[in-house]
Each structure stands twice: as C-alpha cells, then as structure tokens.
Amino acid sequence: MSHASSEISNTSPLSAELRAAPPAGLYVHLPFCVAHCPYCDFVVYAGAEARGPRARTERLYEAVERELELRADALDERFGAARPPLATLYFGGGTPSLVSGERLERLMTTIRRRYGLERGAEITLEANPGPDERGNLAAFAAAGVNRISFGAQSLNGAELRRLGRRHSPEDVAAAVAEARTAGIGSVNLDLLYDLPGQTLDGWAATLNAALDLGPDHLSLYALTLDDPDAEGLTGETGDHLPTARGARRWREAARREQDDDRAADQYRLASDRLAAAGWRGYEISNWARPGHESRHSLTYWERRRYEAVGPGAHAFDGAVRRWNAAGLERYIAALLPADGPGSVPPGDSETLAPETAESERVILALRLDRGVPAAWASRPEFAEAFSWAESSGLIERVDLAGEAHLRLTLKGRLLSNELFARLV
Ligand code: SF4
C-alpha cells in the first residue's frame with residue numbers, strides 16, 4: 001500500500017488514515033421530492049421535475065446507473081476487481097422511496113454486480129411517511145432493503161404543517177407498521193427540535209409518541225436554517241442549490257422563533273428520557289436500541305472510506321474528498337450524452353493536509369460516545385483544548401476495555417462546537 005502524500009510521516013499515529021483504500025460503504029443520492037420543504041437545503045428537485053409528464057426521474061436513474069459503472073471501473077483500476085464487498089449501502093435524498101420497486105431492484109443488481117455486498121450488509125433507504133411518498137415498502141424489502149429511515153420530523157400535526165410537510169402523525173404510525181409488515185428489521189425516525197414556536201412539553205409529547213411506535217433508532221437534530229448561498233456552496237461545482245426566495249423568507253421568520261436555551265433543554269430532556277428507556281446515545285444526535293446503530297453513518301464518523309454517486313453526493317477515499325456538483329442538468333448531460341459513452345459528472349475535490357485530517361479524526365471521534373483514547377489528548381496540538389474542556393466539565397475520563405478514553409459529558413455534547421472550534 002502506498003502513501004497518498006509524501007508529506008505524511010510513518011510515525012504519525014494517524015498516517016494510516018491518509019491512505020487511499022477501497023470503500024466500505026456506498027451512498028446513492030436520489031434527489032426527487034414531491035414538494036420542497038422551506039427549511040431543507042439538501043440537493044432536491046421537486047414538483048414537475050419529480051412527478052408527471054415532465055419528470056426527469058427516469059433520466060436521472062439512468063444517469064446514476066451509468067455513474068455507478070464509471071466509479072466502479074475506477075475502483076477496479078485502483079484496487080482490483082477483487083476488492084472487498086461493501087458493508088453498507090445507503091439510498092438518501094431527496095425522497096428515495098419515490099423510486100419504483102423495479103427501478104430499485106435494477107440499481108441493486110448493478111451495485112451487487114460491480115461493488116458486491118457482504119453477507120448481512122446494512123442496506124438503508126430514506127422514506128417519507130405519507131401514503132403517496134413512502135413507496136412500496138414490500139418491494140424495497142424484497143430488493144434487499146433491511147433498514148428504513150423515515151423523515152417523521154415531528155408527531156404534532158400543527159408543527160408538521162408549519163414545516164411544510166405533507167404527512168400527518170397518523171401517517172408516521174402507518175408507515176412504521178407497514179415497514180414491520182414488510183419485514184424491514186431496523187426502523188429509524190428522524191425528528192427535529194428547536195422548531196419555531198415548539199414548547200418543551202410539545203417536544204416531550206413528540207418524543208413519547210415516537211417511542212410508542214417502537215422504532216429501533218432515532219436521529220434527533222435541532223432545526224438548522226443555513227444559507228448555502230452566503231456560505232459560497234452554490235457555484236458551478238458547488239454541492240448545494242441556491243435557496244428559493246420563499247424559502248429564504250420562511251427561514252428568516254422561523255429563526256426569530258428559535259431559542260438556544262429551549263433547544264438545550266429539549267436535548268437534555270431527550271437524552272434523559274432515552275437513557276431511562278435503555279437507549280444508547282452513541283453519537284451526539286443519534287440514539288439506538290442495542291445493535292441498531294447505523295453502520296453506514298459510523299463509516300463517516302470513523303473516517304472509513306465510502307463511494308458516492310448522484311447529484312451533490314460526497315465520497316472519501318481516505319486521502320481525498322470528492323463531490324459531484326448539485327446541478328441535475330449537467331449531471332445528466334455528462335453521464336448520458338447524445339453520443340459517446342458518457343463521463344463522470346462535474347464536481348470538485350480536496351486533498352486533506354495531514355493536520356486537517358488529524359483534527360477531523362479527533363472531532364469526529366468525539367461525536368461518538370466512546371470518545372477518543374486519552375493518549376490523543378496529550379499531543380501538543382490538542383493538549384490545550386482538551387485541558388480546557390476537562391476543566392470546564394465538557395469531557396470525562398472513562399475506562400473502555402482497559403484503555404483510558406476521553407468523551408463528551410452531557411454539557412460537552414451541548415457545547416461541543418466550542419470544543420471543536422478549538423481543535424481545528
Ligand atoms: S422531504 Fe426531506 S429531502 Fe425533501 S425537501 Fe423535505 S426535508 Fe428536504
């Protein structure tokens with residue numbers, strides 16, 4: 001195995017992290033949604049592009065098939081066709097559950113043929129709970145999906161309407177029941193807190209209602225209202241789309257009804273409630289019943305390698321981060337030209353400097369409940385930040401299988417961004 005950069009020293013404890021290696025996971029971005037929620041800045045194409053006579057879904061799926069082939073060719077060239085099969089596969093979006101069972105089956109056939117899937121591989125599909133959005137769960141299960149992630153967001157009808165969501169709390173219950181009937185063994189619900197106007201009691205009610213549905217995994221995120229244009233992410237090769245004017249106005253109004261203190265109380269409440277119910281908060285924003293941690297998401301937090309296809313998708317080979325541009329038109333045009341075999345879509349990449357990779361690894365590991373080996377904290381570039389965090393009660397020392405680790409306390413989870421900023 002060769003080093004990706006001659007600057008990397010063999011003595012660096014992280015040097016192995018900078019070597020390119022075959023992917024353990026594959027992310028497939030399917031960007032269509034029935035409607036565009038005003039708070040969402042994922043790469044999404046909605047309305048007439050997603051349904052009806054002018055829909056571009058079939059062209060996109062063809063283009064994704066083509067990209068899967070081209071990326072697999074490149075992996076074969078670099079690592080050989082006998083490279084290890086994938087441990088995880090994740091269909092994200094967008095609303096991937098809008099895909100037909102037949103189309104998903106075709107994508108799965110291509111992925112099995114070109115990438116391989118190890119026995120017991122985790123295969124996740126994101127779905128919306130509404131009856132016309134959750135798709136054919138039985139067909140998805142038959143195609144191999146064994147984990148489903150529903151974008152529930154809230155179990156309060158008024159909050160869902162305010163968010164511009166098309167489903168009701170009853171739809172979430174029906175979707176979970178349907179997934180179980182289809183034999184899907186692992187069910188996640190995404191929920192949002194710090195919603196405009198949301199009370200602590202309202203959040204507790206959503207959380208309790210979610211637990212009553214018997215999911216295996218919960219992803220709880222504070223509503224973040226970013227501005228990808230202002231952050232410079234929407235240019236030619238940017239991985240985001242510009243924000244529509246109406247969505248921008250919605251976000252400005254919603255921001256005025258958010259409250260950091262309330263969000264902290266909501267996080268504390270969830271953390272206590274889920275711990276009491278025997279759930280493991282294995283990552284800052286993710287809780288699971290034992291054995292249901294998201295193996296695909298752990299690939300990201302553990303800085304393992306993953307391939308990615310679809311508009312706006314990000315890949316990481318251990319040394320280089322690569323992403324596709326968000327634009328659908330150019331994505332399809334590159335992969336499905338009128339003549340010729342097609343080429344990889346436009347995008348960009350960055351090669352990580354060793355010190356960037358080291359900070360990133362420490363920060364990502366701190367997101368997890370096992371934290372980092374204590375030895376990492378004594379390294380000169382991190383010592384000051386860790387000493388500040390320990391004296392401020394943000395981290396605690398624990399013994400994990402005979403090795404001293406440092407991990408975030410509850411206070412540390414709430415103030416993690418302050419620590420992360422000091423580790424960069
Ligand atoms: S359904 Fe999900 S992915 Fe689609 S616009 Fe709404 S939040 Fe974004």
# chains A, B, ... in the order shown; residues from 1 in each chain; ligands from 1
$ residues_near_ligand --ligand "ligand 1" --cutoff "8 Å" --atoms "only C-alpha atoms and all ligand atoms" --output "number ranges by chain"
A: 31-44, 46, 93-95, 128, 151, 164-165
$ write_last_selection --atoms "N, CA and C atoms" --output "mmCIF file, in the first residue's frame"
data_model
loop_
_atom_site.group_PDB
_atom_site.id
_atom_site.type_symbol
_atom_site.label_atom_id
_atom_site.label_comp_id
_atom_site.auth_asym_id
_atom_site.auth_seq_id
_atom_site.Cartn_x
_atom_site.Cartn_y
_atom_site.Cartn_z
ATOM 1 N N PRO A 31 -32.468 12.517 -5.775
ATOM 2 C CA PRO A 31 -32.789 13.862 -5.293
ATOM 3 C C PRO A 31 -34.241 14.320 -5.425
ATOM 4 N N PHE A 32 -35.172 13.429 -5.735
ATOM 5 C CA PHE A 32 -36.531 13.923 -6.005
ATOM 6 C C PHE A 32 -37.409 13.938 -4.762
ATOM 7 N N CYS A 33 -38.224 14.996 -4.657
ATOM 8 C CA CYS A 33 -39.237 15.097 -3.598
ATOM 9 C C CYS A 33 -40.528 15.590 -4.236
ATOM 10 N N VAL A 34 -41.655 15.234 -3.645
ATOM 11 C CA VAL A 34 -42.937 15.700 -4.173
ATOM 12 C C VAL A 34 -43.010 17.221 -4.045
ATOM 13 N N ALA A 35 -42.620 17.739 -2.876
ATOM 14 C CA ALA A 35 -42.605 19.196 -2.660
ATOM 15 C C ALA A 35 -41.330 19.547 -1.905
ATOM 16 N N HIS A 36 -40.921 20.805 -2.025
ATOM 17 C CA HIS A 36 -39.665 21.231 -1.387
ATOM 18 C C HIS A 36 -39.984 21.906 -0.050
ATOM 19 N N CYS A 37 -39.563 21.306 1.046
ATOM 20 C CA CYS A 37 -39.807 21.896 2.366
ATOM 21 C C CYS A 37 -38.933 23.146 2.512
ATOM 22 N N PRO A 38 -39.472 24.225 3.080
ATOM 23 C CA PRO A 38 -38.753 25.503 3.047
ATOM 24 C C PRO A 38 -37.472 25.551 3.866
ATOM 25 N N TYR A 39 -37.301 24.626 4.808
ATOM 26 C CA TYR A 39 -36.106 24.651 5.656
ATOM 27 C C TYR A 39 -34.973 23.808 5.094
ATOM 28 N N CYS A 40 -35.249 23.051 4.025
ATOM 29 C CA CYS A 40 -34.328 21.997 3.587
ATOM 30 C C CYS A 40 -33.322 22.509 2.573
ATOM 31 N N ASP A 41 -32.029 22.264 2.807
ATOM 32 C CA ASP A 41 -31.057 22.637 1.773
ATOM 33 C C ASP A 41 -30.276 21.429 1.251
ATOM 34 N N PHE A 42 -30.909 20.245 1.327
ATOM 35 C CA PHE A 42 -30.331 19.107 0.610
ATOM 36 C C PHE A 42 -30.512 19.340 -0.892
ATOM 37 N N VAL A 43 -29.790 18.562 -1.700
ATOM 38 C CA VAL A 43 -29.958 18.682 -3.150
ATOM 39 C C VAL A 43 -31.266 17.989 -3.524
ATOM 40 N N VAL A 44 -32.265 18.811 -3.839
ATOM 41 C CA VAL A 44 -33.622 18.307 -4.052
ATOM 42 C C VAL A 44 -34.217 18.932 -5.313
ATOM 43 N N ALA A 46 -38.026 19.103 -7.006
ATOM 44 C CA ALA A 46 -39.396 18.790 -6.585
ATOM 45 C C ALA A 46 -40.402 19.232 -7.634
ATOM 46 N N GLY A 93 -31.579 11.180 0.118
ATOM 47 C CA GLY A 93 -32.147 12.130 -0.833
ATOM 48 C C GLY A 93 -32.349 13.500 -0.224
ATOM 49 N N GLY A 94 -33.388 14.167 -0.752
ATOM 50 C CA GLY A 94 -34.459 13.672 -1.559
ATOM 51 C C GLY A 94 -35.353 12.672 -0.800
ATOM 52 N N THR A 95 -36.213 12.096 -1.578
ATOM 53 C CA THR A 95 -37.113 11.069 -1.056
ATOM 54 C C THR A 95 -36.914 9.803 -1.893
ATOM 55 N N ASN A 128 -40.258 9.032 3.027
ATOM 56 C CA ASN A 128 -41.199 9.921 3.699
ATOM 57 C C ASN A 128 -42.409 9.098 4.120
ATOM 58 N N GLY A 151 -38.498 10.153 7.430
ATOM 59 C CA GLY A 151 -38.405 11.572 7.773
ATOM 60 C C GLY A 151 -39.675 12.007 8.478
ATOM 61 N N GLY A 164 -44.129 22.661 6.477
ATOM 62 C CA GLY A 164 -44.424 22.425 5.063
ATOM 63 C C GLY A 164 -44.442 20.959 4.700
ATOM 64 N N ARG A 165 -44.562 20.101 5.719
ATOM 65 C CA ARG A 165 -44.555 18.661 5.452
ATOM 66 C C ARG A 165 -45.927 18.214 4.968
#
$ residues_around --residues "Leu423 in chain A" --least-positions-apart "3" --cutoff "10 Å" --atoms "only C-alpha atoms" --output "VMD selection string"
chain A and resid 356 358 to 360 362 to 363 381 to 386 417 to 420
$ write_last_selection --atoms "N, CA, C and O atoms" --output "PDB file, in the first residue's frame"
ATOM      1  N   THR A 356      -5.090  18.665   8.952  1.00  0.00           N
ATOM      2  CA  THR A 356      -6.555  18.773   8.827  1.00  0.00           C
ATOM      3  C   THR A 356      -7.193  17.421   9.108  1.00  0.00           C
ATOM      4  O   THR A 356      -8.199  17.308   9.811  1.00  0.00           O
ATOM      5  N   GLU A 358      -6.017  15.053  10.901  1.00  0.00           N
ATOM      6  CA  GLU A 358      -5.899  14.697  12.316  1.00  0.00           C
ATOM      7  C   GLU A 358      -6.974  15.391  13.142  1.00  0.00           C
ATOM      8  O   GLU A 358      -7.639  14.778  13.977  1.00  0.00           O
ATOM      9  N   SER A 359      -7.176  16.702  12.901  1.00  0.00           N
ATOM     10  CA  SER A 359      -8.225  17.421  13.644  1.00  0.00           C
ATOM     11  C   SER A 359      -9.577  16.797  13.364  1.00  0.00           C
ATOM     12  O   SER A 359     -10.392  16.594  14.259  1.00  0.00           O
ATOM     13  N   GLU A 360      -9.791  16.501  12.098  1.00  0.00           N
ATOM     14  CA  GLU A 360     -11.086  15.953  11.695  1.00  0.00           C
ATOM     15  C   GLU A 360     -11.335  14.613  12.394  1.00  0.00           C
ATOM     16  O   GLU A 360     -12.437  14.341  12.875  1.00  0.00           O
ATOM     17  N   VAL A 362     -10.148  13.560  15.234  1.00  0.00           N
ATOM     18  CA  VAL A 362     -10.410  13.755  16.664  1.00  0.00           C
ATOM     19  C   VAL A 362     -11.837  14.271  16.866  1.00  0.00           C
ATOM     20  O   VAL A 362     -12.587  13.786  17.725  1.00  0.00           O
ATOM     21  N   ILE A 363     -12.236  15.245  16.055  1.00  0.00           N
ATOM     22  CA  ILE A 363     -13.569  15.839  16.206  1.00  0.00           C
ATOM     23  C   ILE A 363     -14.653  14.791  15.926  1.00  0.00           C
ATOM     24  O   ILE A 363     -15.622  14.662  16.679  1.00  0.00           O
ATOM     25  N   GLU A 381      -0.672  19.579  19.740  1.00  0.00           N
ATOM     26  CA  GLU A 381      -1.636  20.432  19.029  1.00  0.00           C
ATOM     27  C   GLU A 381      -3.039  20.394  19.652  1.00  0.00           C
ATOM     28  O   GLU A 381      -3.874  21.253  19.369  1.00  0.00           O
ATOM     29  N   PHE A 382      -3.306  19.375  20.499  1.00  0.00           N
ATOM     30  CA  PHE A 382      -4.643  19.259  21.079  1.00  0.00           C
ATOM     31  C   PHE A 382      -4.666  19.488  22.593  1.00  0.00           C
ATOM     32  O   PHE A 382      -5.735  19.609  23.190  1.00  0.00           O
ATOM     33  N   ALA A 383      -3.486  19.480  23.220  1.00  0.00           N
ATOM     34  CA  ALA A 383      -3.412  19.452  24.689  1.00  0.00           C
ATOM     35  C   ALA A 383      -4.179  20.616  25.323  1.00  0.00           C
ATOM     36  O   ALA A 383      -4.935  20.426  26.289  1.00  0.00           O
ATOM     37  N   GLU A 384      -4.004  21.815  24.774  1.00  0.00           N
ATOM     38  CA  GLU A 384      -4.636  22.983  25.399  1.00  0.00           C
ATOM     39  C   GLU A 384      -6.170  22.872  25.336  1.00  0.00           C
ATOM     40  O   GLU A 384      -6.867  23.137  26.326  1.00  0.00           O
ATOM     41  N   ALA A 385      -6.682  22.474  24.191  1.00  0.00           N
ATOM     42  CA  ALA A 385      -8.139  22.373  24.036  1.00  0.00           C
ATOM     43  C   ALA A 385      -8.711  21.313  24.982  1.00  0.00           C
ATOM     44  O   ALA A 385      -9.748  21.533  25.628  1.00  0.00           O
ATOM     45  N   PHE A 386      -8.030  20.178  25.086  1.00  0.00           N
ATOM     46  CA  PHE A 386      -8.544  19.113  25.964  1.00  0.00           C
ATOM     47  C   PHE A 386      -8.451  19.519  27.433  1.00  0.00           C
ATOM     48  O   PHE A 386      -9.334  19.203  28.223  1.00  0.00           O
ATOM     49  N   ASN A 417     -19.558  22.373  19.902  1.00  0.00           N
ATOM     50  CA  ASN A 417     -18.990  23.233  18.852  1.00  0.00           C
ATOM     51  C   ASN A 417     -17.873  24.127  19.378  1.00  0.00           C
ATOM     52  O   ASN A 417     -16.931  24.448  18.654  1.00  0.00           O
ATOM     53  N   GLU A 418     -17.988  24.513  20.654  1.00  0.00           N
ATOM     54  CA  GLU A 418     -16.913  25.342  21.231  1.00  0.00           C
ATOM     55  C   GLU A 418     -15.613  24.567  21.319  1.00  0.00           C
ATOM     56  O   GLU A 418     -14.535  25.087  21.039  1.00  0.00           O
ATOM     57  N   LEU A 419     -15.740  23.290  21.719  1.00  0.00           N
ATOM     58  CA  LEU A 419     -14.525  22.461  21.795  1.00  0.00           C
ATOM     59  C   LEU A 419     -14.000  22.186  20.392  1.00  0.00           C
ATOM     60  O   LEU A 419     -12.795  22.293  20.138  1.00  0.00           O
ATOM     61  N   PHE A 420     -14.894  21.856  19.461  1.00  0.00           N
ATOM     62  CA  PHE A 420     -14.440  21.518  18.107  1.00  0.00           C
ATOM     63  C   PHE A 420     -13.705  22.703  17.473  1.00  0.00           C
ATOM     64  O   PHE A 420     -12.700  22.517  16.776  1.00  0.00           O
TER      65      PHE A 420
END
$ select_by_dssp --residues "range 350-418 of chain A" --states "strand (DSSP E)" --output "JSON, numbers by chain"
{"A": [350, 351, 372, 373, 395, 396, 397, 398, 399, 400, 403, 404, 405, 406, 407, 408]}
$ closest_residue --among "A:Pro380, A:Ala21, A:Arg407, A:Tyr27" --to "Glu307 in chain A" --atoms "only C-alpha atoms"
A:Tyr27
$ residues_around --residues "Ala222 in chain A" --least-positions-apart "3" --cutoff "9 Å" --atoms "only C-alpha atoms" --output "PyMOL selection string"
chain A and resi 191-195+263+267+285
$ write_last_selection --atoms "N, CA, C and O atoms" --output "short mmCIF file (atom, residue, chain, number, x, y, z; two decimals), in the first residue's frame"
data_model
loop_
_atom_site.label_atom_id
_atom_site.label_comp_id
_atom_site.auth_asym_id
_atom_site.auth_seq_id
_atom_site.Cartn_x
_atom_site.Cartn_y
_atom_site.Cartn_z
N LEU A 191 -36.30 13.09 13.81
CA LEU A 191 -37.14 14.11 14.46
C LEU A 191 -36.35 15.40 14.58
O LEU A 191 -35.12 15.38 14.74
N LEU A 192 -37.08 16.52 14.52
CA LEU A 192 -36.45 17.84 14.65
C LEU A 192 -36.91 18.52 15.92
O LEU A 192 -38.10 18.45 16.27
N TYR A 193 -35.98 19.20 16.62
CA TYR A 193 -36.37 20.04 17.75
C TYR A 193 -35.88 21.46 17.47
O TYR A 193 -35.30 21.73 16.44
N ASP A 194 -36.18 22.35 18.43
CA ASP A 194 -35.99 23.80 18.22
C ASP A 194 -36.79 24.27 17.00
O ASP A 194 -36.34 25.12 16.23
N LEU A 195 -37.98 23.72 16.87
CA LEU A 195 -38.88 24.18 15.80
C LEU A 195 -39.48 25.52 16.20
O LEU A 195 -39.67 25.79 17.40
N ALA A 263 -33.62 24.91 23.06
CA ALA A 263 -33.03 23.77 22.35
C ALA A 263 -32.18 22.93 23.29
O ALA A 263 -32.22 21.69 23.24
N TYR A 267 -32.75 19.04 24.25
CA TYR A 267 -31.73 18.00 24.09
C TYR A 267 -31.56 17.22 25.38
O TYR A 267 -31.51 15.99 25.39
N SER A 285 -26.14 13.15 18.00
CA SER A 285 -27.53 13.33 17.56
C SER A 285 -28.26 12.02 17.29
O SER A 285 -29.35 12.04 16.71
#
$ closest_residue --among "A:His292, A:Arg367, A:Arg106, A:Arg162" --to "Arg413 in chain A" --atoms "only C-alpha atoms"
A:Arg367
$ closest_residue --among "A:Ala142, A:Leu200, A:Ala334, A:Leu213" --to "Val172 in chain A" --atoms "only C-alpha atoms"
A:Leu213
$ closest_residue --among "A:Gly347, A:Gly371, A:Pro215, A:Gly197" --to "His314 in chain A" --atoms "only C-alpha atoms"
A:Gly347
$ atom_distance --atom1 "CA of Gly312 in chain A" --atom2 "CA of His29 in chain A"
7.6 Å
$ closest_residue --among "A:Leu189, A:Ala326, A:Leu336, A:Leu352" --to "Pro242 in chain A" --atoms "only C-alpha atoms"
A:Ala326
$ atom_distance --atom1 "CA of Ser154 in chain A" --atom2 "CA of Ala127 in chain A"
14.7 Å
$ decode --residues "range 48-61 of chain A" --atoms "all heavy atoms" --output "mmCIF file, in the first residue's frame"
data_model
loop_
_atom_site.group_PDB
_atom_site.id
_atom_site.type_symbol
_atom_site.label_atom_id
_atom_site.label_comp_id
_atom_site.auth_asym_id
_atom_site.auth_seq_id
_atom_site.Cartn_x
_atom_site.Cartn_y
_atom_site.Cartn_z
ATOM 1 N N ALA A 48 -42.802 19.427 -10.673
ATOM 2 C CA ALA A 48 -42.913 18.828 -12.006
ATOM 3 C C ALA A 48 -41.674 18.017 -12.382
ATOM 4 O O ALA A 48 -41.749 17.124 -13.226
ATOM 5 C CB ALA A 48 -43.141 19.930 -13.049
ATOM 6 N N GLU A 49 -40.521 18.294 -11.754
ATOM 7 C CA GLU A 49 -39.319 17.513 -12.069
ATOM 8 C C GLU A 49 -39.409 16.109 -11.475
ATOM 9 O O GLU A 49 -38.728 15.197 -11.930
ATOM 10 C CB GLU A 49 -38.085 18.198 -11.477
ATOM 11 C CG GLU A 49 -38.037 19.675 -11.763
ATOM 12 C CD GLU A 49 -36.661 20.115 -12.167
ATOM 13 O OE1 GLU A 49 -36.168 19.581 -13.177
ATOM 14 O OE2 GLU A 49 -36.116 20.991 -11.483
ATOM 15 N N ALA A 50 -40.254 15.983 -10.432
ATOM 16 C CA ALA A 50 -40.311 14.709 -9.707
ATOM 17 C C ALA A 50 -41.474 13.821 -10.132
ATOM 18 O O ALA A 50 -41.404 12.596 -10.011
ATOM 19 C CB ALA A 50 -40.406 14.977 -8.202
ATOM 20 N N ARG A 51 -42.573 14.446 -10.588
ATOM 21 C CA ARG A 51 -43.765 13.651 -10.933
ATOM 22 C C ARG A 51 -44.454 14.245 -12.145
ATOM 23 O O ARG A 51 -44.434 15.459 -12.330
ATOM 24 C CB ARG A 51 -44.761 13.648 -9.767
ATOM 25 C CG ARG A 51 -44.281 12.892 -8.568
ATOM 26 C CD ARG A 51 -45.387 12.204 -7.836
ATOM 27 N NE ARG A 51 -46.231 13.096 -7.062
ATOM 28 C CZ ARG A 51 -46.938 12.699 -6.020
ATOM 29 N NH1 ARG A 51 -46.905 11.445 -5.643
ATOM 30 N NH2 ARG A 51 -47.702 13.530 -5.370
ATOM 31 N N GLY A 52 -45.093 13.393 -12.929
ATOM 32 C CA GLY A 52 -45.863 13.886 -14.068
ATOM 33 C C GLY A 52 -45.092 13.804 -15.367
ATOM 34 O O GLY A 52 -43.979 13.265 -15.408
ATOM 35 N N PRO A 53 -45.684 14.362 -16.467
ATOM 36 C CA PRO A 53 -45.118 14.166 -17.803
ATOM 37 C C PRO A 53 -43.736 14.790 -17.991
ATOM 38 O O PRO A 53 -42.960 14.352 -18.831
ATOM 39 C CB PRO A 53 -46.146 14.846 -18.724
ATOM 40 C CG PRO A 53 -46.961 15.744 -17.834
ATOM 41 C CD PRO A 53 -46.939 15.126 -16.476
ATOM 42 N N ARG A 54 -43.413 15.840 -17.187
ATOM 43 C CA ARG A 54 -42.108 16.487 -17.376
ATOM 44 C C ARG A 54 -41.056 15.990 -16.375
ATOM 45 O O ARG A 54 -39.973 16.549 -16.275
ATOM 46 C CB ARG A 54 -42.272 18.007 -17.276
ATOM 47 C CG ARG A 54 -42.960 18.601 -18.522
ATOM 48 C CD ARG A 54 -42.958 20.104 -18.497
ATOM 49 N NE ARG A 54 -43.897 20.625 -17.514
ATOM 50 C CZ ARG A 54 -43.602 21.536 -16.586
ATOM 51 N NH1 ARG A 54 -42.390 22.040 -16.516
ATOM 52 N NH2 ARG A 54 -44.515 21.959 -15.732
ATOM 53 N N ALA A 55 -41.410 14.951 -15.636
ATOM 54 C CA ALA A 55 -40.487 14.452 -14.600
ATOM 55 C C ALA A 55 -39.177 13.986 -15.224
ATOM 56 O O ALA A 55 -39.161 13.440 -16.330
ATOM 57 C CB ALA A 55 -41.149 13.302 -13.851
ATOM 58 N N ARG A 56 -38.083 14.218 -14.493
ATOM 59 C CA ARG A 56 -36.787 13.804 -15.020
ATOM 60 C C ARG A 56 -36.221 12.601 -14.258
ATOM 61 O O ARG A 56 -35.026 12.326 -14.298
ATOM 62 C CB ARG A 56 -35.829 14.987 -14.974
ATOM 63 C CG ARG A 56 -36.282 16.053 -15.989
ATOM 64 C CD ARG A 56 -35.189 16.977 -16.352
ATOM 65 N NE ARG A 56 -34.960 17.953 -15.295
ATOM 66 C CZ ARG A 56 -33.971 18.834 -15.319
ATOM 67 N NH1 ARG A 56 -33.117 18.844 -16.316
ATOM 68 N NH2 ARG A 56 -33.844 19.717 -14.358
ATOM 69 N N THR A 57 -37.123 11.936 -13.560
ATOM 70 C CA THR A 57 -36.678 10.833 -12.702
ATOM 71 C C THR A 57 -35.986 9.716 -13.504
ATOM 72 O O THR A 57 -34.901 9.279 -13.134
ATOM 73 C CB THR A 57 -37.882 10.245 -11.936
ATOM 74 O OG1 THR A 57 -38.971 10.096 -12.850
ATOM 75 C CG2 THR A 57 -38.329 11.165 -10.824
ATOM 76 N N GLU A 58 -36.608 9.279 -14.602
ATOM 77 C CA GLU A 58 -36.041 8.137 -15.321
ATOM 78 C C GLU A 58 -34.661 8.456 -15.866
ATOM 79 O O GLU A 58 -33.746 7.628 -15.827
ATOM 80 C CB GLU A 58 -36.982 7.677 -16.446
ATOM 81 C CG GLU A 58 -38.148 6.826 -15.936
ATOM 82 C CD GLU A 58 -37.686 5.684 -15.006
ATOM 83 O OE1 GLU A 58 -36.802 4.896 -15.382
ATOM 84 O OE2 GLU A 58 -38.204 5.604 -13.865
ATOM 85 N N ARG A 59 -34.499 9.680 -16.417
ATOM 86 C CA ARG A 59 -33.182 10.082 -16.936
ATOM 87 C C ARG A 59 -32.150 10.073 -15.809
ATOM 88 O O ARG A 59 -31.024 9.644 -15.995
ATOM 89 C CB ARG A 59 -33.248 11.497 -17.545
ATOM 90 C CG ARG A 59 -34.021 11.570 -18.828
ATOM 91 C CD ARG A 59 -33.296 10.931 -19.982
ATOM 92 N NE ARG A 59 -32.201 11.749 -20.481
ATOM 93 C CZ ARG A 59 -31.248 11.301 -21.301
ATOM 94 N NH1 ARG A 59 -31.267 10.036 -21.692
ATOM 95 N NH2 ARG A 59 -30.297 12.088 -21.735
ATOM 96 N N LEU A 60 -32.568 10.572 -14.645
ATOM 97 C CA LEU A 60 -31.637 10.615 -13.511
ATOM 98 C C LEU A 60 -31.255 9.197 -13.084
ATOM 99 O O LEU A 60 -30.077 8.899 -12.863
ATOM 100 C CB LEU A 60 -32.268 11.399 -12.351
ATOM 101 C CG LEU A 60 -31.498 11.621 -11.033
ATOM 102 C CD1 LEU A 60 -31.600 10.475 -10.054
ATOM 103 C CD2 LEU A 60 -30.023 11.975 -11.263
ATOM 104 N N TYR A 61 -32.242 8.316 -13.004
ATOM 105 C CA TYR A 61 -31.906 6.955 -12.577
ATOM 106 C C TYR A 61 -30.953 6.294 -13.582
ATOM 107 O O TYR A 61 -30.032 5.574 -13.195
ATOM 108 C CB TYR A 61 -33.179 6.100 -12.398
ATOM 109 C CG TYR A 61 -34.143 6.642 -11.358
ATOM 110 C CD1 TYR A 61 -35.527 6.522 -11.519
ATOM 111 C CD2 TYR A 61 -33.687 7.279 -10.211
ATOM 112 C CE1 TYR A 61 -36.409 7.023 -10.569
ATOM 113 C CE2 TYR A 61 -34.564 7.789 -9.264
ATOM 114 C CZ TYR A 61 -35.921 7.661 -9.453
ATOM 115 O OH TYR A 61 -36.797 8.169 -8.513
#
